[in-house]
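Text of structure_1.txt (compact mmCIF, C-alpha atoms) as supplied:
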# COMPACT_ATOMS: atom_id res chain seq x y z
CA MET Y 23 9.64 -2.30 -8.99
CA ASN Y 24 9.22 -5.91 -7.93
CA ASP Y 25 12.67 -6.00 -6.35
CA THR Y 26 11.94 -2.83 -4.41
CA ALA Y 27 8.67 -4.33 -3.21
CA LEU Y 28 10.45 -7.53 -2.12
CA ALA Y 29 13.08 -5.52 -0.23
CA ASP Y 30 10.37 -3.43 1.44
CA LEU Y 31 8.48 -6.58 2.46
CA ALA Y 32 11.64 -8.12 3.88
CA LEU Y 33 12.52 -4.98 5.82
CA ASP Y 34 9.06 -4.20 7.21
CA PHE Y 35 8.23 -7.74 8.23
CA SER Y 36 11.56 -8.65 9.77
CA LEU Y 37 11.25 -5.60 12.02
CA LEU Y 38 7.70 -6.65 12.88
CA SER Y 39 9.04 -10.08 13.76
CA LEU Y 40 11.22 -8.67 16.52
CA PHE Y 41 8.60 -6.28 17.86
CA ALA Y 42 5.78 -8.83 18.01
CA ILE Y 43 5.87 -9.46 21.74
CA GLY Y 44 2.91 -11.64 22.63
CA GLY Y 45 2.23 -12.72 19.05
CA VAL Y 46 0.90 -11.47 15.76
CA ILE Y 47 -2.11 -9.59 17.04
CA THR Y 48 0.07 -7.15 18.91
CA VAL Y 49 1.70 -6.00 15.66
CA LEU Y 50 -1.59 -5.68 13.81
CA PRO Y 51 -1.62 -1.88 14.25
CA GLU Y 52 1.95 -1.62 12.98
CA MET Y 53 1.26 -4.00 10.09
CA HIS Y 54 -1.76 -1.88 9.17
CA ARG Y 55 0.34 1.28 9.41
CA SER Y 56 3.07 -0.11 7.19
CA VAL Y 57 0.90 -1.93 4.62
CA VAL Y 58 -1.97 0.55 4.29
CA GLU Y 59 -0.73 3.92 5.48
CA VAL Y 60 3.00 4.03 4.70
CA ARG Y 61 3.44 1.72 1.67
CA GLY Y 62 -0.08 2.08 0.29
CA TRP Y 63 -0.09 -1.56 -0.86
CA MET Y 64 -3.83 -1.96 -0.28
CA SER Y 65 -6.91 -0.32 1.23
CA GLY Y 66 -7.87 -0.75 4.86
CA ALA Y 67 -10.88 -2.82 3.83
CA GLU Y 68 -8.72 -5.18 1.77
CA PHE Y 69 -6.33 -5.55 4.70
CA ALA Y 70 -9.27 -6.47 6.92
CA HIS Y 71 -10.47 -9.02 4.35
CA LEU Y 72 -7.06 -10.70 4.07
CA PHE Y 73 -6.89 -10.82 7.84
CA ALA Y 74 -10.32 -12.46 7.95
CA LEU Y 75 -9.17 -14.98 5.35
CA ALA Y 76 -6.19 -15.90 7.53
CA GLN Y 77 -8.54 -16.35 10.49
CA VAL Y 78 -10.79 -18.82 8.71
CA SER Y 79 -7.87 -20.75 7.22
CA PRO Y 80 -6.19 -23.53 9.24
CA GLY Y 81 -2.74 -22.89 10.69
CA PRO Y 82 -0.97 -20.05 12.44
CA ASN Y 83 -2.63 -16.62 12.10
CA ILE Y 84 0.72 -15.20 11.10
CA LEU Y 85 0.01 -16.52 7.60
CA VAL Y 86 -1.81 -13.24 6.96
CA VAL Y 87 1.65 -11.93 6.02
CA SER Y 88 1.93 -14.63 3.34
CA LEU Y 89 -1.28 -13.29 1.82
CA ILE Y 90 -0.05 -9.70 2.03
CA GLY Y 91 3.27 -10.64 0.43
CA TRP Y 92 1.50 -12.57 -2.28
CA LYS Y 93 -0.80 -9.62 -2.99
CA VAL Y 94 2.19 -7.29 -3.25
CA ALA Y 95 4.68 -9.41 -5.18
CA GLY Y 96 3.21 -12.81 -6.05
CA LEU Y 97 4.60 -16.13 -4.86
CA GLN Y 98 8.05 -14.65 -4.24
CA GLY Y 99 6.45 -11.93 -2.15
CA ALA Y 100 4.60 -14.54 -0.10
CA ALA Y 101 7.80 -16.50 0.55
CA VAL Y 102 9.83 -13.39 1.41
CA ALA Y 103 7.18 -11.94 3.75
CA THR Y 104 6.68 -15.27 5.55
CA ALA Y 105 10.40 -15.86 6.01
CA ALA Y 106 10.96 -12.26 7.12
CA VAL Y 107 8.34 -12.46 9.83
CA CYS Y 108 9.43 -15.88 11.12
CA VAL Y 109 13.20 -16.08 10.90
CA PRO Y 110 14.42 -13.29 13.22
CA SER Y 111 12.07 -14.26 16.06
CA SER Y 112 12.75 -17.98 15.55
CA VAL Y 113 16.50 -17.46 15.82
CA LEU Y 114 15.95 -15.51 19.02
CA ALA Y 115 13.61 -18.20 20.40
CA PHE Y 116 16.15 -20.88 19.54
CA ALA Y 117 18.91 -19.04 21.40
CA VAL Y 118 16.87 -18.05 24.44
CA SER Y 119 15.19 -21.43 24.95
CA LYS Y 120 18.62 -22.89 25.67
CA ILE Y 121 19.27 -20.60 28.64
CA TRP Y 122 15.81 -19.66 29.92
CA GLN Y 123 15.32 -22.70 32.16
CA ARG Y 124 18.35 -21.79 34.20
CA PHE Y 125 16.79 -18.50 35.31
CA ARG Y 126 13.36 -19.77 36.30
CA ASP Y 127 13.10 -17.86 39.56
CA ALA Y 128 15.44 -14.97 38.85
CA ARG Y 129 13.93 -11.63 39.81
CA TRP Y 130 14.81 -10.02 36.49
CA ARG Y 131 13.11 -12.80 34.58
CA LEU Y 132 9.88 -12.37 36.55
CA ALA Y 133 10.15 -8.58 36.12
CA ILE Y 134 10.48 -8.97 32.34
CA GLU Y 135 7.35 -11.12 32.31
CA ASP Y 136 5.41 -8.75 34.61
CA GLY Y 137 6.51 -5.70 32.68
CA LEU Y 138 5.71 -6.99 29.23
CA VAL Y 139 2.23 -8.33 30.02
CA PRO Y 140 0.51 -4.90 30.30
CA VAL Y 141 2.26 -3.62 27.16
CA THR Y 142 1.11 -6.74 25.30
CA VAL Y 143 -2.47 -6.22 26.50
CA GLY Y 144 -2.42 -2.58 25.35
CA LEU Y 145 -1.13 -3.67 21.95
CA MET Y 146 -3.80 -6.35 21.56
CA LEU Y 147 -6.56 -3.90 22.41
CA ALA Y 148 -5.09 -1.39 19.97
CA GLY Y 149 -5.08 -4.13 17.31
CA GLY Y 150 -8.74 -4.91 17.95
CA TYR Y 151 -9.65 -1.24 17.80
CA LEU Y 152 -7.85 -0.56 14.52
CA ILE Y 153 -8.98 -3.72 12.72
CA THR Y 154 -12.56 -2.87 13.76
CA LEU Y 155 -12.27 0.58 12.20
CA SER Y 156 -10.90 -1.02 9.01
CA ALA Y 157 -13.50 -3.77 8.81
CA ASP Y 158 -16.68 -1.91 9.67
CA ASP Y 159 -18.31 1.01 7.93
CA SER Y 160 -21.93 0.48 8.97
CA VAL Y 161 -23.85 0.36 12.22
CA ILE Y 162 -24.68 -3.32 11.60
CA GLY Y 163 -21.00 -4.03 10.97
CA PHE Y 164 -20.06 -2.59 14.35
CA ALA Y 165 -22.92 -4.54 15.90
CA VAL Y 166 -21.60 -7.81 14.40
CA THR Y 167 -18.15 -7.03 15.82
CA ALA Y 168 -19.59 -6.26 19.26
CA VAL Y 169 -21.83 -9.35 19.36
CA THR Y 170 -18.95 -11.61 18.22
CA ALA Y 171 -16.69 -10.20 20.93
CA ALA Y 172 -19.40 -10.69 23.56
CA VAL Y 173 -20.12 -14.28 22.48
CA VAL Y 174 -16.42 -15.21 22.43
CA LEU Y 175 -16.01 -13.74 25.91
CA THR Y 176 -19.03 -15.44 27.47
CA THR Y 177 -19.30 -18.83 25.74
CA ARG Y 178 -17.01 -21.58 24.53
CA ILE Y 179 -18.55 -21.72 21.06
CA HIS Y 180 -16.04 -22.30 18.25
CA PRO Y 181 -15.23 -19.01 16.46
CA LEU Y 182 -15.71 -20.60 13.03
CA TRP Y 183 -19.46 -20.79 13.70
CA LEU Y 184 -19.51 -17.07 14.39
CA PHE Y 185 -17.53 -16.30 11.24
CA GLY Y 186 -19.97 -18.46 9.26
CA ALA Y 187 -23.03 -16.75 10.72
CA ALA Y 188 -21.51 -13.32 10.07
CA GLY Y 189 -20.71 -14.38 6.50
CA LEU Y 190 -24.36 -15.31 5.98
CA LEU Y 191 -25.50 -11.97 7.40
CA GLY Y 192 -23.16 -10.28 4.95
CA LEU Y 193 -24.42 -12.44 2.10
CA ALA Y 194 -27.95 -11.37 2.95
CA GLY Y 195 -26.77 -7.81 2.46
CA TRP Y 196 -27.25 -6.71 6.06
CA VAL Y 197 -23.69 -5.74 6.98
CA MET W 23 5.62 -31.45 39.66
CA ASN W 24 5.21 -33.97 36.94
CA GLU W 25 7.11 -37.10 37.81
CA ALA W 26 7.25 -39.13 34.59
CA PRO W 27 10.08 -37.81 32.45
CA PRO W 28 9.25 -37.89 28.74
CA SER W 29 10.20 -41.27 27.40
CA THR W 30 9.59 -40.72 23.70
CA ILE W 31 12.11 -38.86 21.60
CA PRO W 32 10.68 -38.00 18.19
CA GLY W 33 12.81 -38.11 15.06
CA THR W 34 12.93 -35.15 12.68
CA GLY W 35 10.47 -36.78 10.26
CA GLU W 36 8.08 -37.35 13.14
CA LEU W 37 8.45 -33.72 14.24
CA PHE W 38 7.63 -32.54 10.72
CA LEU W 39 4.57 -34.76 10.41
CA ARG W 40 3.12 -34.06 13.84
CA PHE W 41 3.52 -30.31 13.47
CA THR W 42 1.80 -30.48 10.09
CA GLN W 43 -1.01 -32.31 11.81
CA ILE W 44 -1.14 -29.70 14.58
CA ALA W 45 -1.18 -26.86 12.06
CA VAL W 46 -3.98 -28.12 9.85
CA SER W 47 -6.21 -29.01 12.83
CA GLY W 48 -5.84 -25.52 14.20
CA PHE W 49 -8.70 -23.41 12.95
CA GLY W 50 -8.68 -20.14 14.88
CA GLY W 51 -5.80 -20.96 17.20
CA VAL W 52 -3.15 -23.64 17.09
CA GLY W 53 -1.94 -23.54 20.71
CA PRO W 54 -4.41 -25.96 22.30
CA TRP W 55 -3.77 -28.52 19.55
CA ALA W 56 -0.06 -28.29 20.14
CA GLN W 57 -0.49 -29.02 23.82
CA ARG W 58 -2.73 -31.98 23.07
CA MET W 59 -0.30 -33.50 20.63
CA VAL W 60 3.00 -32.78 22.36
CA VAL W 61 1.93 -33.59 25.94
CA GLU W 62 -1.12 -35.80 25.91
CA GLU W 63 -0.91 -37.86 22.74
CA ARG W 64 2.82 -38.23 22.18
CA GLY W 65 4.28 -37.63 25.62
CA TRP W 66 7.27 -35.75 24.23
CA LEU W 67 7.20 -33.26 27.09
CA SER W 68 5.74 -33.23 30.58
CA ALA W 69 2.82 -30.83 31.13
CA GLU W 70 5.04 -28.68 33.30
CA GLU W 71 7.81 -28.44 30.76
CA PHE W 72 5.29 -27.58 28.05
CA THR W 73 3.71 -24.78 30.10
CA ASP W 74 7.10 -23.32 30.84
CA MET W 75 8.09 -23.44 27.20
CA MET W 76 4.77 -21.93 26.14
CA SER W 77 5.08 -19.00 28.54
CA LEU W 78 8.54 -18.26 27.19
CA CYS W 79 7.23 -18.39 23.63
CA GLN W 80 4.35 -16.08 24.48
CA PHE W 81 6.49 -13.30 25.74
CA LEU W 82 9.32 -13.63 23.22
CA PRO W 83 8.70 -11.62 20.07
CA GLY W 84 7.28 -13.36 17.03
CA PRO W 85 4.37 -15.70 16.37
CA ASN W 86 3.93 -17.77 19.55
CA ILE W 87 3.19 -21.04 17.86
CA VAL W 88 6.15 -20.69 15.51
CA ASN W 89 8.39 -20.05 18.51
CA LEU W 90 6.93 -23.11 20.18
CA ALA W 91 7.65 -25.31 17.17
CA VAL W 92 11.23 -24.02 17.12
CA CYS W 93 11.70 -24.65 20.86
CA VAL W 94 10.18 -28.16 20.79
CA GLY W 95 12.20 -29.12 17.72
CA ALA W 96 15.39 -27.65 19.19
CA ARG W 97 14.82 -29.51 22.45
CA PHE W 98 15.20 -32.86 20.68
CA HIS W 99 17.41 -32.28 17.66
CA GLY W 100 18.94 -28.80 17.80
CA VAL W 101 18.86 -26.81 14.58
CA ARG W 102 17.68 -29.77 12.50
CA GLY W 103 14.77 -30.40 14.84
CA ALA W 104 13.81 -26.73 14.89
CA LEU W 105 13.81 -26.61 11.09
CA ALA W 106 11.76 -29.81 10.81
CA ALA W 107 9.09 -28.64 13.25
CA PHE W 108 8.99 -25.17 11.70
CA ALA W 109 8.64 -26.55 8.17
CA GLY W 110 5.92 -28.95 9.32
CA LEU W 111 3.98 -26.13 10.95
CA MET W 112 4.17 -23.75 8.01
CA ALA W 113 4.29 -25.70 4.74
CA GLY W 114 0.75 -27.11 4.62
CA PRO W 115 -1.06 -23.98 5.85
CA PHE W 116 1.07 -21.81 3.52
CA VAL W 117 -0.19 -23.74 0.47
CA ILE W 118 -3.78 -23.74 1.76
CA ILE W 119 -3.86 -20.03 2.47
CA LEU W 120 -2.39 -19.11 -0.91
CA ALA W 121 -5.02 -21.29 -2.58
CA LEU W 122 -7.69 -19.40 -0.63
CA GLY W 123 -5.99 -16.15 -1.66
CA VAL W 124 -6.21 -17.13 -5.32
CA LEU W 125 -9.90 -17.95 -4.93
CA TYR W 126 -10.42 -14.65 -3.15
CA THR W 127 -8.81 -12.60 -5.93
CA GLN W 128 -10.70 -14.60 -8.54
CA TYR W 129 -14.10 -14.26 -6.95
CA GLY W 130 -13.62 -11.51 -4.36
CA ASP W 131 -15.17 -8.93 -6.65
CA LEU W 132 -18.40 -10.86 -7.04
CA PRO W 133 -21.00 -8.91 -5.05
CA ALA W 134 -22.04 -12.00 -3.07
CA VAL W 135 -18.48 -12.85 -2.01
CA ALA W 136 -17.66 -9.24 -1.22
CA SER W 137 -20.68 -8.86 1.02
CA ALA W 138 -20.06 -12.18 2.76
CA PHE W 139 -16.52 -10.95 3.46
CA ARG W 140 -17.85 -7.75 4.98
CA GLY W 141 -19.65 -9.91 7.52
CA ILE W 142 -16.72 -12.27 8.16
CA SER W 143 -14.29 -9.37 8.59
CA ALA W 144 -16.59 -7.75 11.14
CA ALA W 145 -16.72 -11.01 13.12
CA ALA W 146 -12.95 -11.53 12.83
CA ALA W 147 -12.44 -8.05 14.28
CA GLY W 148 -14.76 -8.95 17.15
CA PHE W 149 -12.68 -12.06 17.82
CA ILE W 150 -9.54 -9.92 18.16
CA VAL W 151 -11.30 -7.47 20.48
CA ALA W 152 -12.37 -10.40 22.65
CA MET W 153 -8.82 -11.81 22.82
CA GLY W 154 -7.57 -8.43 23.99
CA LEU W 155 -10.28 -8.08 26.63
CA LYS W 156 -9.72 -11.65 27.83
CA MET W 157 -6.07 -10.95 28.35
CA ALA W 158 -6.84 -7.61 30.00
CA ALA W 159 -9.03 -9.44 32.51
CA SER W 160 -6.18 -11.74 33.49
CA ARG W 161 -4.99 -11.66 37.06
CA ARG W 162 -1.61 -10.19 36.38
CA LEU W 163 -3.08 -6.90 35.26
CA ARG W 164 -4.87 -6.09 38.50
CA SER W 165 -2.22 -3.76 39.77
CA ALA W 166 -0.77 -0.36 39.09
CA MET W 167 0.99 -2.01 36.12
CA ALA W 168 -2.31 -1.69 34.23
CA VAL W 169 -1.40 1.93 33.58
CA PHE W 170 1.13 0.65 31.02
CA ALA W 171 -1.67 -1.08 29.12
CA VAL W 172 -3.58 2.21 28.96
CA ILE W 173 -0.52 4.19 27.85
CA THR W 174 0.20 1.57 25.18
CA PHE W 175 -3.35 1.65 23.85
CA ILE W 176 -3.40 5.45 23.64
CA SER W 177 0.05 5.69 22.02
CA ILE W 178 -0.54 3.01 19.40
CA ALA W 179 -4.28 3.13 18.63
CA LEU W 180 -5.02 6.83 19.06
CA VAL W 181 -1.74 8.75 18.65
CA ARG W 182 -0.51 6.17 16.10
CA LEU W 183 3.11 6.21 17.22
CA PRO W 184 5.40 3.83 15.31
CA LEU W 185 5.60 0.57 17.27
CA GLY W 186 9.40 0.30 17.29
CA VAL W 187 10.00 3.74 18.74
CA PHE W 188 7.27 3.25 21.30
CA LEU W 189 8.50 -0.19 22.44
CA LEU W 190 12.12 0.88 22.77
CA VAL W 191 10.99 3.45 25.34
CA ALA W 192 7.95 1.83 26.96
CA ALA W 193 9.16 -1.76 27.39
CA PRO W 194 12.27 -0.90 29.46
CA VAL W 195 10.28 1.55 31.62
CA SER W 196 7.55 -1.04 32.22
CA VAL W 197 10.06 -3.79 33.05
CA ALA W 198 11.96 -1.44 35.37
CA ALA W 199 8.69 -0.59 37.17
CA ALA W 200 7.92 -4.31 37.54
CA PHE W 201 11.42 -4.96 38.85
CA TRP W 202 11.05 -2.21 41.45
CA ARG W 203 7.61 -3.49 42.50
CA ARG W 204 9.03 -6.97 43.10
CA LYS W 205 11.45 -5.73 45.73
Before we go any further, please render this structure as structure tokens.
Amino acid sequence: MNDTALADLALDFSLLSLFAIGGVITVLPEMHRSVVEVRGWMSGAEFAHLFALAQVSPGPNILVVSLIGWKVAGLQGAAVATAAVCVPSSVLAFAVSKIWQRFRDARWRLAIEDGLVPVTVGLMLAGGYLITLSADDSVIGFAVTAVTAAVVLTTRIHPLWLFGAAGLLGLAGWV
Amino acid sequence: MNEAPPSTIPGTGELFLRFTQIAVSGFGGVGPWAQRMVVEERGWLSAEEFTDMMSLCQFLPGPNIVNLAVCVGARFHGVRGALAAFAGLMAGPFVIILALGVLYTQYGDLPAVASAFRGISAAAAGFIVAMGLKMAASRRLRSAMAVFAVITFISIALVRLPLGVFLLVAAPVSVAAAFWRRK
């Protein structure tokens, strides 16, 4: 059982690694699909909680996969999931960084950048939409999400303050 | 153009340590800390070289900041440098987050913790929504290319198509459209 879980983690997350154009947030919908809907490793709410934990913890947000792996198959699971999500893309980055400079002004390079930006934006918005549906099940919950988004967009306040305030609201039993 | 070529070449130990430092300072986003360390404090790269490297890492697949660590490390010491920077970036935060995970499983069922997490999760979701909207407002999207953002959102968020299948079709079409528009 554990070996199957490790193999599934390795497979799912190494594919995610190569599809994550623009970063982790763009594969949030796919991660949710694989972890919650296809594999049934945890509930949507638990997924949202682990994601929140990764947000308030220092370091790259990608570490949410370490938490997922750990939840599924302990320390080994954490190591396998983290390696799976980092290694394929890192190897690619290593290879491409060597040649990219040479093609600075090539038309195909600019076209790749122009073409991938809108897809990345669509993926990020889809990620925000799906994680909101997972995280919130009350009107106040949706309101907290909306207010946080508005504050982040209009001020330069550090997000940790917002997470702290929202945590207090939750503690008070309002969310 | 930035005139002063980088004069400092970090060793692998230095790469490891500085990336650890970058990683643990980075609450809610590591990118700005990386720039500060690599360009301003250490002078390993010129601002221009850093920006170029960052834009490559943003559009390559995978976690941006991990890609950046790999590229910076590789720039100075090839595979060894990439491994050192990568390990520095990940090791500390990996231990910290698992410790938090243990605490969460231990106490996550307590009503107080569970309800605090309901609030934090709601805010974390709002943060992601804001990142998406911020990027959508960026200059590059004010063209007919925006239609690809809409198609992507509908296919992934509403129709729930598998990402791989969708990307294999949509990314080439979008890039081809961009190529044609640049004529």
For chain Y versus chain W, which residues have an atom no more than 6 Å away, and what is each residue's nearest atom pair and distance in Å rounded to one decimal, using all atoms listed in the file, chain-then-number order, as CSV?
residue,atom,partner,partner_atom,distance
Y:Ser39,CA,W:Gly84,CA,5.0
Y:Leu40,CA,W:Pro83,CA,5.3
Y:Phe41,CA,W:Pro83,CA,5.8
Y:Ala42,CA,W:Pro83,CA,4.5
Y:Ile43,CA,W:Pro83,CA,3.9
Y:Gly44,CA,W:Gln80,CA,5.0
Y:Gly45,CA,W:Pro85,CA,4.5
Y:Val46,CA,W:Pro85,CA,5.5
Y:His71,CA,W:Ser143,CA,5.7
Y:Ala74,CA,W:Ser143,CA,5.1
Y:Gln77,CA,W:Gly50,CA,5.8
Y:Pro80,CA,W:Phe49,CA,4.5
Y:Gly81,CA,W:Ala45,CA,4.5
Y:Ser111,CA,W:Gly84,CA,5.0
Y:Ser112,CA,W:Asn89,CA,5.7
Y:Ala115,CA,W:Asn89,CA,5.9
Y:Phe116,CA,W:Cys93,CA,6.0
Y:Ala133,CA,W:Phe201,CA,4.7
Y:Ile134,CA,W:Val197,CA,5.2
Y:Asp136,CA,W:Ala200,CA,5.9
Y:Gly137,CA,W:Val197,CA,4.0
Y:Pro140,CA,W:Ala171,CA,4.6
Y:Val141,CA,W:Ala171,CA,5.1
Y:Val143,CA,W:Ala158,CA,5.8
Y:Gly144,CA,W:Ala171,CA,4.1
Y:Met146,CA,W:Gly154,CA,4.9
Y:Leu147,CA,W:Gly154,CA,4.9
Y:Ala148,CA,W:Ala179,CA,4.8
Y:Gly150,CA,W:Val151,CA,4.4
Y:Ile153,CA,W:Ala147,CA,5.8
Y:Thr154,CA,W:Ala147,CA,5.2
Y:Ala157,CA,W:Ala144,CA,5.6
Y:Gly163,CA,W:Ala144,CA,5.8
Y:Val166,CA,W:Ala145,CA,6.0
Y:Thr167,CA,W:Gly148,CA,4.1
Y:Ala168,CA,W:Gly148,CA,5.9
Y:Thr170,CA,W:Gly148,CA,5.1
Y:Ala171,CA,W:Gly148,CA,4.4
Y:Leu175,CA,W:Ala152,CA,5.9
Y:Phe185,CA,W:Ile142,CA,5.1
Y:Ala188,CA,W:Gly141,CA,4.6
Y:Gly189,CA,W:Ala138,CA,4.4
Y:Gly192,CA,W:Ala138,CA,4.2
Y:Leu193,CA,W:Ala138,CA,4.4
Y:Val197,CA,W:Gly141,CA,5.8
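Put simply, CA of Val86 (chain Y) is 6.5 Å away from CA of Leu72 (chain Y).
Taking CA of Val107 (chain Y) as the reference point, CA of Pro54 (chain W) is found at 22.4 Å.
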Exercise. Suppose you want the space between CA of Thr30 (chain W) and CA of Trp55 (chain W); what is it in Å?
Worked result: 18.6 Å
For this session: Name the residues in contact with Gly110 (chain W) at a cut-off of 7 Å, using all atoms listed in the file, excluding same-chain residues fewer than 4 positions from it; report them as an MDAnalysis selection string.
Result: chainID W and resid 38:39 41:42 106
If we count all atoms listed in the file, what is near region 59-66 of chain Y at a cut-off of 8 Å, once residues fewer than 5 positions away on the same chain are taken out, given as a PDB file with C-alpha atoms, keeping the file's coordinate frame?
ATOM      1  CA  HIS Y  54      -1.760  -1.880   9.170  1.00  0.00           C
ATOM      2  CA  VAL Y  94       2.190  -7.290  -3.250  1.00  0.00           C
ATOM      3  CA  SER Y 156     -10.900  -1.020   9.010  1.00  0.00           C
ATOM      4  CA  ALA Y 157     -13.500  -3.770   8.810  1.00  0.00           C
TER       5      ALA Y 157
END
For region 113-128 of chain W, I'd like the enclosing box, axis-aligned and padded by 6 Å on every side, reported as AutoDock Vina command-line options with centre and edge lengths in Å to one decimal.
--center_x -3.2 --center_y -19.9 --center_z -1.3 --size_x 27.0 --size_y 26.5 --size_z 26.4
